[in-house]
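Pasted below: structure38.txt, compact mmCIF, C-alpha atoms.
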# COMPACT_ATOMS: atom_id res chain seq x y z
CA MET P 700 4.94 -17.56 -26.48
CA ALA P 701 7.99 -19.01 -24.71
CA THR P 702 11.07 -19.63 -26.81
CA ASP P 703 14.20 -21.67 -26.17
CA VAL P 704 17.30 -19.57 -25.97
CA PHE P 705 19.15 -22.85 -26.09
CA SER P 706 17.39 -26.18 -25.91
CA ASN P 707 20.40 -28.44 -26.35
CA PRO P 708 23.15 -27.31 -23.98
CA ARG P 709 26.59 -28.68 -24.66
CA GLU P 710 27.40 -31.90 -22.86
CA GLU P 711 30.30 -30.35 -21.02
CA ASP P 712 28.02 -27.67 -19.48
CA PRO P 713 25.15 -29.62 -17.83
CA LEU P 714 26.31 -28.56 -14.37
CA ASP P 715 25.92 -24.88 -15.21
CA VAL P 716 22.22 -25.29 -16.05
CA ALA P 717 21.53 -27.60 -13.11
CA LEU P 718 23.09 -25.10 -10.74
CA PHE P 719 20.50 -22.45 -11.60
CA GLN P 720 17.58 -24.76 -12.45
CA GLY P 721 14.24 -23.29 -11.40
CA GLU P 722 15.56 -19.73 -11.21
CA ARG P 723 13.30 -17.10 -12.74
CA ARG P 724 14.22 -13.52 -13.50
CA LYS P 725 12.31 -10.58 -14.96
CA ILE P 726 14.15 -7.95 -16.95
CA ILE P 727 12.58 -4.77 -18.31
CA GLN P 728 12.84 -4.47 -22.08
CA PRO P 729 15.16 -1.49 -22.82
CA THR P 730 12.56 -0.01 -25.22
CA SER P 731 10.04 0.20 -22.35
CA LEU P 732 12.37 2.53 -20.45
CA LEU P 733 11.92 5.06 -23.27
CA ASP P 734 8.15 5.17 -22.76
CA PRO P 735 7.21 8.72 -21.60
CA LYS P 736 4.82 7.22 -19.01
CA VAL P 737 7.63 5.17 -17.48
CA GLU P 738 9.94 8.18 -17.45
CA LYS P 739 7.20 10.27 -15.81
CA LEU P 740 6.63 7.64 -13.13
CA LYS P 741 10.34 7.50 -12.37
CA ASP P 742 10.47 11.30 -12.13
CA VAL P 743 7.46 11.44 -9.77
CA LEU P 744 8.91 8.74 -7.51
CA THR P 745 12.32 10.42 -7.45
CA SER P 746 10.79 13.80 -6.59
CA TRP P 747 8.68 12.18 -3.86
CA ILE P 748 11.75 10.60 -2.27
CA ASN P 749 13.76 13.82 -2.43
CA LYS P 750 10.94 15.92 -0.99
CA THR P 751 10.38 13.42 1.82
CA LEU P 752 14.07 13.27 2.67
CA THR P 753 14.81 16.99 2.38
CA PRO P 754 15.33 17.29 6.19
CA ASP P 755 17.94 14.50 5.95
CA HIS P 756 19.79 16.25 3.09
CA ILE P 757 19.54 13.12 0.93
CA VAL P 758 19.18 13.53 -2.83
CA VAL P 759 18.35 10.63 -5.13
CA GLN P 760 19.23 10.85 -8.80
CA SER P 761 18.77 7.24 -9.95
CA LEU P 762 16.13 4.87 -8.55
CA ASP P 763 18.09 1.70 -9.26
CA GLU P 764 21.57 3.02 -8.46
CA ASP P 765 20.80 4.97 -5.27
CA LEU P 766 18.57 2.58 -3.29
CA PHE P 767 20.52 -0.68 -3.38
CA ASP P 768 22.44 -0.24 -0.10
CA GLY P 769 19.42 0.42 2.15
CA LEU P 770 20.34 3.97 3.21
CA VAL P 771 17.52 5.73 1.33
CA LEU P 772 14.89 3.10 2.22
CA HIS P 773 15.96 3.27 5.87
CA HIS P 774 15.45 7.04 5.97
CA LEU P 775 12.19 6.83 3.99
CA LEU P 776 10.74 4.36 6.47
CA ALA P 777 11.82 6.53 9.38
CA ARG P 778 10.15 9.61 7.86
CA LEU P 779 6.97 7.91 6.68
CA ALA P 780 6.28 5.55 9.57
CA GLY P 781 8.30 7.02 12.43
CA VAL P 782 10.29 3.79 12.70
CA SER P 783 13.72 3.64 14.29
CA LEU P 784 15.71 0.54 13.33
CA SER P 785 18.93 -0.73 14.91
CA VAL P 786 21.06 -0.76 11.78
CA ASP P 787 24.24 1.00 10.73
CA GLU P 788 23.70 4.40 9.12
CA ILE P 789 26.12 3.58 6.32
CA ALA P 790 26.77 0.02 5.17
CA VAL P 791 29.99 -0.24 3.19
CA THR P 792 30.48 -3.93 2.46
CA ALA P 793 28.04 -6.02 0.41
CA ALA P 794 27.37 -8.25 3.44
CA ALA P 795 26.51 -5.23 5.60
CA GLN P 796 24.28 -3.76 2.88
CA ILE P 797 22.37 -7.04 2.46
CA HIS P 798 21.90 -7.32 6.23
CA LYS P 799 20.62 -3.74 6.43
CA LEU P 800 18.27 -4.24 3.48
CA GLY P 801 16.93 -7.39 5.12
CA VAL P 802 16.06 -5.54 8.32
CA VAL P 803 14.56 -2.55 6.50
CA LEU P 804 12.50 -4.58 4.00
CA GLU P 805 11.18 -6.86 6.75
CA GLU P 806 9.81 -3.80 8.54
CA VAL P 807 8.52 -2.25 5.30
CA ASN P 808 6.67 -5.45 4.36
CA LYS P 809 5.16 -5.61 7.85
CA ARG P 810 3.96 -2.01 7.58
CA LEU P 811 2.51 -2.72 4.13
CA GLY P 812 0.64 -5.73 5.48
CA LEU P 813 2.65 -8.23 3.41
CA THR P 814 2.92 -11.25 5.68
CA ASP P 815 4.06 -13.58 2.91
CA ASP P 816 7.32 -12.62 1.21
CA ALA P 817 6.18 -14.53 -1.89
CA LEU P 818 3.47 -11.90 -2.43
CA ALA P 819 6.00 -9.10 -2.71
CA LYS P 820 7.40 -8.15 -6.10
CA TRP P 821 10.70 -7.29 -4.50
CA ASN P 822 13.19 -8.86 -2.13
CA VAL P 823 16.61 -8.16 -0.66
CA GLN P 824 18.49 -9.78 -3.53
CA LEU P 825 16.60 -7.90 -6.24
CA ILE P 826 16.95 -4.49 -4.58
CA HIS P 827 20.64 -5.05 -3.81
CA ASN P 828 21.19 -6.15 -7.41
CA LYS P 829 19.76 -2.77 -8.54
CA ASP P 830 16.74 -4.36 -10.19
CA LEU P 831 14.73 -1.39 -11.47
CA LEU P 832 11.48 -3.35 -11.86
CA ALA P 833 11.53 -4.52 -8.24
CA THR P 834 12.55 -1.07 -7.00
CA ILE P 835 9.67 0.65 -8.80
CA HIS P 836 7.15 -1.92 -7.52
CA LEU P 837 8.39 -1.32 -3.97
CA LEU P 838 8.23 2.48 -4.22
CA VAL P 839 4.79 2.52 -5.86
CA THR P 840 3.41 0.29 -3.08
CA MET P 841 4.99 2.52 -0.41
CA VAL P 842 3.41 5.61 -2.00
CA ARG P 843 0.00 3.93 -2.13
CA HIS P 844 0.26 3.00 1.54
CA PHE P 845 1.96 5.98 3.15
CA GLN P 846 0.90 8.84 0.86
CA PRO P 847 -2.18 7.71 -1.10
CA ASP P 848 -3.05 11.26 -2.18
CA LEU P 849 0.12 11.52 -4.29
CA ALA P 850 -0.88 11.37 -7.96
CA LEU P 851 1.08 8.73 -9.83
CA PRO P 852 0.77 8.40 -13.61
CA PRO P 853 -2.01 5.84 -14.27
CA ASN P 854 -1.86 2.80 -16.49
CA VAL P 855 1.94 2.56 -16.68
CA LYS P 856 3.07 -0.73 -18.16
CA VAL P 857 6.40 -2.21 -19.20
CA GLU P 858 7.36 -5.16 -21.32
CA VAL P 859 9.49 -7.62 -19.39
CA VAL P 860 11.46 -10.65 -20.44
CA LEU P 861 10.81 -13.56 -18.08
CA VAL P 862 13.89 -15.78 -18.14
CA GLU P 863 13.63 -19.24 -16.58
CA VAL P 864 16.21 -21.98 -16.28
CA THR P 865 14.66 -25.42 -16.94
CA LYS P 866 15.96 -28.93 -17.36
CA THR P 867 16.13 -28.41 -21.12
CA GLY P 868 17.89 -25.07 -21.00
CA ILE P 869 16.96 -21.41 -20.64
CA LYS P 870 13.55 -20.23 -21.79
CA SER P 871 12.40 -16.67 -22.22
CA ASP P 872 8.94 -15.19 -22.52
CA ILE P 873 7.95 -11.58 -23.18
CA GLN P 874 5.12 -10.33 -20.96
CA SER P 875 3.42 -7.06 -20.10
CA GLU P 876 3.55 -5.99 -16.47
CA ASP P 877 1.59 -3.20 -14.75
CA LEU P 878 3.53 -0.66 -12.68
CA THR P 879 0.43 1.41 -11.85
CA GLU P 880 -3.23 0.54 -12.28
CA GLU P 881 -5.52 2.05 -14.90
CA SER P 882 -7.38 4.19 -12.42
CA ARG P 883 -7.58 4.28 -8.68
CA PRO P 884 -11.01 3.74 -7.13
CA SER P 885 -12.27 7.15 -6.07
CA LEU P 886 -13.62 7.37 -2.55
CA GLN P 887 -14.73 10.95 -2.93
CA SER P 888 -16.90 10.67 -6.00
CA PRO P 889 -20.62 10.87 -5.43
CA ASN P 890 -22.96 8.00 -6.11
CA SER P 891 -23.53 7.21 -9.75
CA SER P 892 -26.65 8.45 -11.47
CA SER P 893 -28.11 4.96 -11.23
CA GLY P 894 -27.99 5.25 -7.45
CA GLU P 895 -25.58 2.32 -7.16
CA ASP P 896 -23.88 2.08 -3.78
CA PRO P 897 -20.20 3.02 -4.36
CA ILE P 898 -18.99 0.49 -1.78
CA GLU P 899 -21.01 -2.31 -3.35
CA LYS P 900 -19.49 -1.33 -6.68
CA LEU P 901 -16.01 -1.20 -5.15
CA LEU P 902 -16.34 -4.72 -3.77
CA THR P 903 -16.88 -6.05 -7.30
CA LEU P 904 -13.46 -4.79 -8.41
CA ASP P 905 -10.26 -6.80 -8.22
CA ALA P 906 -8.53 -7.32 -4.88
CA HIS P 907 -5.76 -4.81 -5.62
CA LYS P 908 -8.19 -1.92 -6.09
CA ILE P 909 -10.13 -2.88 -2.97
CA LEU P 910 -6.85 -2.83 -1.04
CA LEU P 911 -6.03 0.65 -2.34
CA ALA P 912 -9.43 1.96 -1.24
CA LYS P 913 -9.10 0.35 2.19
CA THR P 914 -5.62 1.83 2.53
CA SER P 915 -6.97 5.33 1.82
CA ILE P 916 -9.62 4.94 4.52
CA VAL P 917 -7.13 3.52 7.04
CA ASN P 918 -4.85 6.50 6.41
CA PHE P 919 -7.81 8.85 6.90
CA VAL P 920 -8.67 7.16 10.20
CA ASN P 921 -5.08 7.19 11.46
CA GLN P 922 -4.60 10.86 10.58
CA ASN P 923 -7.55 11.72 12.78
CA MET P 924 -6.79 9.30 15.61
CA SER P 925 -3.07 10.01 15.94
CA SER P 926 -3.67 12.69 18.58
CA MET P 927 -5.24 10.01 20.77
CA GLY P 928 -2.29 7.68 20.32
CA LEU P 929 -4.39 5.14 18.41
CA GLN P 930 -3.61 3.49 15.11
CA VAL P 931 -5.58 1.14 12.90
CA ALA P 932 -3.68 -1.55 11.03
CA ASP P 933 -6.51 -3.91 10.10
CA LEU P 934 -9.75 -2.31 8.90
CA ASP P 935 -11.46 -5.72 8.70
CA THR P 936 -11.20 -6.50 12.42
CA GLN P 937 -10.45 -3.44 14.55
CA PHE P 938 -13.90 -1.83 14.26
CA SER P 939 -15.91 -4.91 15.23
CA ASP P 940 -16.24 -4.05 18.93
CA GLY P 941 -17.31 -0.45 18.24
CA VAL P 942 -14.66 1.22 20.42
CA ILE P 943 -12.50 2.82 17.73
CA LEU P 944 -15.61 3.66 15.71
CA LEU P 945 -17.09 5.61 18.64
CA LEU P 946 -13.82 7.41 19.33
CA LEU P 947 -13.44 8.27 15.64
CA ILE P 948 -16.96 9.74 15.45
CA GLY P 949 -16.31 11.83 18.53
CA GLN P 950 -12.96 13.01 17.19
CA LEU P 951 -14.35 13.99 13.78
CA GLU P 952 -17.48 15.67 15.14
CA GLY P 953 -15.74 17.41 18.02
CA PHE P 954 -17.61 15.96 20.95
CA PHE P 955 -16.60 13.83 23.92
CA ILE P 956 -18.35 10.55 24.60
CA PRO P 957 -18.33 9.85 28.36
CA LEU P 958 -16.59 6.58 29.16
CA CYS P 959 -19.59 5.54 31.21
CA ASP P 960 -21.73 5.57 28.04
CA PHE P 961 -19.88 2.71 26.33
CA HIS P 962 -17.62 -0.24 27.05
CA LEU P 963 -13.98 0.70 26.47
CA SER P 964 -12.94 -2.97 26.72
CA PRO P 965 -16.02 -5.00 25.77
CA ALA P 966 -15.91 -8.40 27.37
CA ASN P 967 -18.78 -10.09 25.56
CA HIS P 968 -21.06 -9.93 22.54
CA ALA P 969 -23.74 -7.88 24.31
CA GLU P 970 -21.25 -5.13 25.16
CA MET P 971 -20.05 -5.05 21.55
CA VAL P 972 -23.66 -4.74 20.36
CA HIS P 973 -24.15 -1.84 22.77
CA ASN P 974 -21.07 -0.02 21.42
CA VAL P 975 -21.84 -0.48 17.73
CA THR P 976 -25.52 0.38 18.18
CA LEU P 977 -24.52 3.56 19.99
CA ALA P 978 -22.18 4.43 17.12
CA CYS P 979 -24.97 3.91 14.58
CA ASP P 980 -27.25 6.15 16.69
CA PHE P 981 -24.59 8.86 16.66
CA LEU P 982 -24.35 8.60 12.87
CA LEU P 983 -28.10 9.25 12.62
CA ASP P 984 -27.83 12.15 15.11
CA ILE P 985 -25.23 13.92 12.94
CA GLY P 986 -27.30 13.36 9.81
CA LEU P 987 -25.46 10.39 8.31
CA ASN P 988 -27.95 7.78 7.23
CA VAL P 989 -25.99 4.71 6.16
CA PRO P 990 -28.55 2.39 4.53
CA ASN P 991 -28.75 -1.35 5.07
CA ILE P 992 -26.42 -1.39 8.06
CA ASP P 993 -27.10 -3.70 10.98
CA PRO P 994 -24.80 -3.50 14.05
CA GLU P 995 -24.46 -7.27 13.87
CA ASP P 996 -22.86 -6.91 10.42
CA ILE P 997 -20.04 -4.79 11.82
CA ILE P 998 -19.63 -7.06 14.85
CA SER P 999 -19.36 -10.08 12.57
CA ARG P 1000 -16.61 -8.25 10.64
CA ASP P 1001 -18.57 -7.81 7.44
CA VAL P 1002 -16.10 -5.82 5.35
CA GLY P 1003 -18.81 -4.21 3.22
CA ALA P 1004 -20.73 -2.93 6.25
CA THR P 1005 -17.60 -1.58 7.91
CA LEU P 1006 -16.50 0.14 4.69
CA LYS P 1007 -19.93 1.76 4.22
CA VAL P 1008 -19.82 3.38 7.67
CA LEU P 1009 -16.23 4.57 7.34
CA TYR P 1010 -16.82 5.78 3.79
CA ALA P 1011 -19.76 7.90 4.97
CA LEU P 1012 -17.51 9.54 7.60
CA PHE P 1013 -14.72 9.91 5.04
CA ARG P 1014 -16.95 11.74 2.54
CA ARG P 1015 -18.47 13.98 5.21
CA HIS P 1016 -15.06 14.99 6.56
CA LYS P 1017 -13.44 15.47 3.14
CA GLY P 1018 -16.45 17.53 2.05
CA ARG P 1019 -15.95 19.82 5.02
CA GLN P 1020 -12.26 20.18 4.20
CA ALA P 1021 -13.10 21.15 0.61
CA GLU P 1022 -15.62 23.75 1.83
CA SER P 1023 -13.10 25.21 4.28
CA ALA P 1024 -10.46 25.44 1.56
CA ALA P 1025 -12.92 27.16 -0.80
CA SER P 1026 -13.89 29.67 1.91
CA ALA P 1027 -10.25 30.42 2.66
CA GLN P 1028 -9.61 31.29 -0.99
CA LYS P 1029 -12.43 33.84 -1.13
With the file now loaded, output its structure as structure tokens.
Amino acid sequence: MATDVFSNPREEDPLDVALFQGERRKIIQPTSLLDPKVEKLKDVLTSWINKTLTPDHIVVQSLDEDLFDGLVLHHLLARLAGVSLSVDEIAVTAAAQIHKLGVVLEEVNKRLGLTDDALAKWNVQLIHNKDLLATIHLLVTMVRHFQPDLALPPNVKVEVVLVEVTKTGIKSDIQSEDLTEESRPSLQSPNSSSGEDPIEKLLTLDAHKILLAKTSIVNFVNQNMSSMGLQVADLDTQFSDGVILLLLIGQLEGFFIPLCDFHLSPANHAEMVHNVTLACDFLLDIGLNVPNIDPEDIISRDVGATLKVLYALFRRHKGRQAESAASAQK
């Protein structure tokens, strides 16, 4: 329940409240920082940064103290996404640091698919002000996007004080905020004993978990298509013409599909149907029977249909990797 820190400000101070009216700020309760889960999450994130930046000889000791000037985030983005930004290596003044953070975070948000800054739980001001809550949210999201296989402690929560300046004064409210979700949706687990389709089940979960699953598949696709100079940014739309799907199947299965067999730049619906139908035929040829899939579903950008096909390829390929690893250990 919200409480008034002061509901009757002194008459001589009305300008102070008006100046900051509408401002909201979240602050982690100090007791939450003592939670072993929170400490573990901070340790994992710090180790991840240091391991990633080993070639740059950068060592982070404090998440809130060492990331505020943009240097670490700049190098992380360069290592994780191969991005080169036109910013100063070292920003000394506050103005230079804020400018650098603005450039870096704009590119980070674009890579994370955050087109609306309001959706992000961080911004330039919060990071530069060494806001630990915002910094952790940013790093967790970067891990989920760029290195989804990294195991983060699940179900990490903190108590935060939400402070808001209103016309009547300053109000505060204590809330619980998730830093990591309870459990990540597993893309490698077999179907449940009831025979329920794992993708159908996935699509009933909340949007955040669906996004995590889609991110894992996109990373899988990009890892296997990088040698061809191709990259997928939008799973929902980029498979609808069948081109990348055909190239991905050929890449994973080790065979070349002659360019004369499909339309590399489909110009109409019929050519898209040809491509996607051919891809579905190839799936059957390699022994992947994806039930209830119509080429028209993929062409019409049905997310469930696209996910089912890519999930089948994902499981097949990951299964082969597991078998190869087991054979190598014998």
Measuring between all atoms listed in the file, which one of P:Gly949, P:Pro994, P:Pro852, P:Gly781 shows the shortest distance to P:Glu806?
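Going through P:Gly949, P:Pro994, P:Pro852, P:Gly781 one by one, the smallest distance to P:Glu806 is for P:Gly781.
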Using only C-alpha atoms, which residues of stretch 721-772 of chain P come within 8 Å of stretch 855-867 of chain P, and what is the closest atom pair for each, with the distance in Å to one decimal? Give it as a tab-separated table, sorted by chain and residue number.
residue	atom	partner	partner_atom	distance
P:Gly721	CA	P:Val864	CA	5.4
P:Glu722	CA	P:Val864	CA	5.6
P:Arg723	CA	P:Glu863	CA	4.4
P:Arg724	CA	P:Val862	CA	5.2
P:Lys725	CA	P:Leu861	CA	4.6
P:Ile726	CA	P:Val860	CA	5.2
P:Ile727	CA	P:Val859	CA	4.3
P:Gln728	CA	P:Val859	CA	5.3
P:Ser731	CA	P:Val857	CA	5.4
P:Leu732	CA	P:Val857	CA	7.7
P:Lys736	CA	P:Val855	CA	6.0
P:Val737	CA	P:Val855	CA	6.3
P:Leu740	CA	P:Val855	CA	7.8
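Residues in contact range of stretch 898-906 of chain P, defined as at most 7 Å between all atoms listed in the file, with sequence neighbours fewer than 3 positions away removed, read Ile909, Leu910, Gly1003, Leu1006 and Lys1007 of chain P.
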Can you measure atom CA of P:Glu876 to atom CA of P:Asp734 for me? One decimal in Å is fine.
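Those two atoms sit 13.6 Å apart.
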Shortest interatomic distance to P:Arg1015 - which of P:Ile992, P:Ala833, P:Leu977, P:Leu951, counting all atoms listed in the file
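The closest residue to P:Arg1015 is P:Leu951.
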Could you write out as AutoDock Vina command-line options the box around stretch 792-798 of chain P (axis-aligned, all atoms listed in the file, 8 Å on each side), with centre and edge lengths in Å to one decimal?
--center_x 26.2 --center_y -6.0 --center_z 3.3 --size_x 24.6 --size_y 20.5 --size_z 21.8
Can you work out the spacing between atom CA of P:Asp830 and atom CA of P:Val743 in Å, to one decimal?
18.3 Å
How many Å separate atom CA of P:Asn918 from atom CA of P:Asp960?
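Atom CA of P:Asp960 lies 27.5 Å from atom CA of P:Asn918.
Residues lying within 7 Å of (-22.6, -7.8, 16.5). Counted over all atoms listed in the file, they are His968, Met971, Val972, Pro994, Glu995, Asp996, Ile997, Ile998 and Ser999 of chain P.
Among the candidates P:Ala780, P:Leu837, P:Val975, P:Ile956, the residue lying nearest to P:Leu766 is P:Leu837 (atoms considered: all atoms listed in the file).
Near P:Asn749, within a cut-off of 10 Å and counting all atoms listed in the file, sit the residues Val743, Leu744, Thr745, Ser746, Leu752, Thr753, Pro754, Asp755, His756, Ile757, Val758, Val759, Gln760, Val771 and Leu775 of chain P, with same-chain residues fewer than 3 positions away left out.
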Between P:Asp787, P:Asp935, P:Glu764, P:Glu880, which has the minimum distance to P:Asn854 (counting only C-alpha atoms)?
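Using only C-alpha atoms, P:Asn854 sits closest to P:Glu880.
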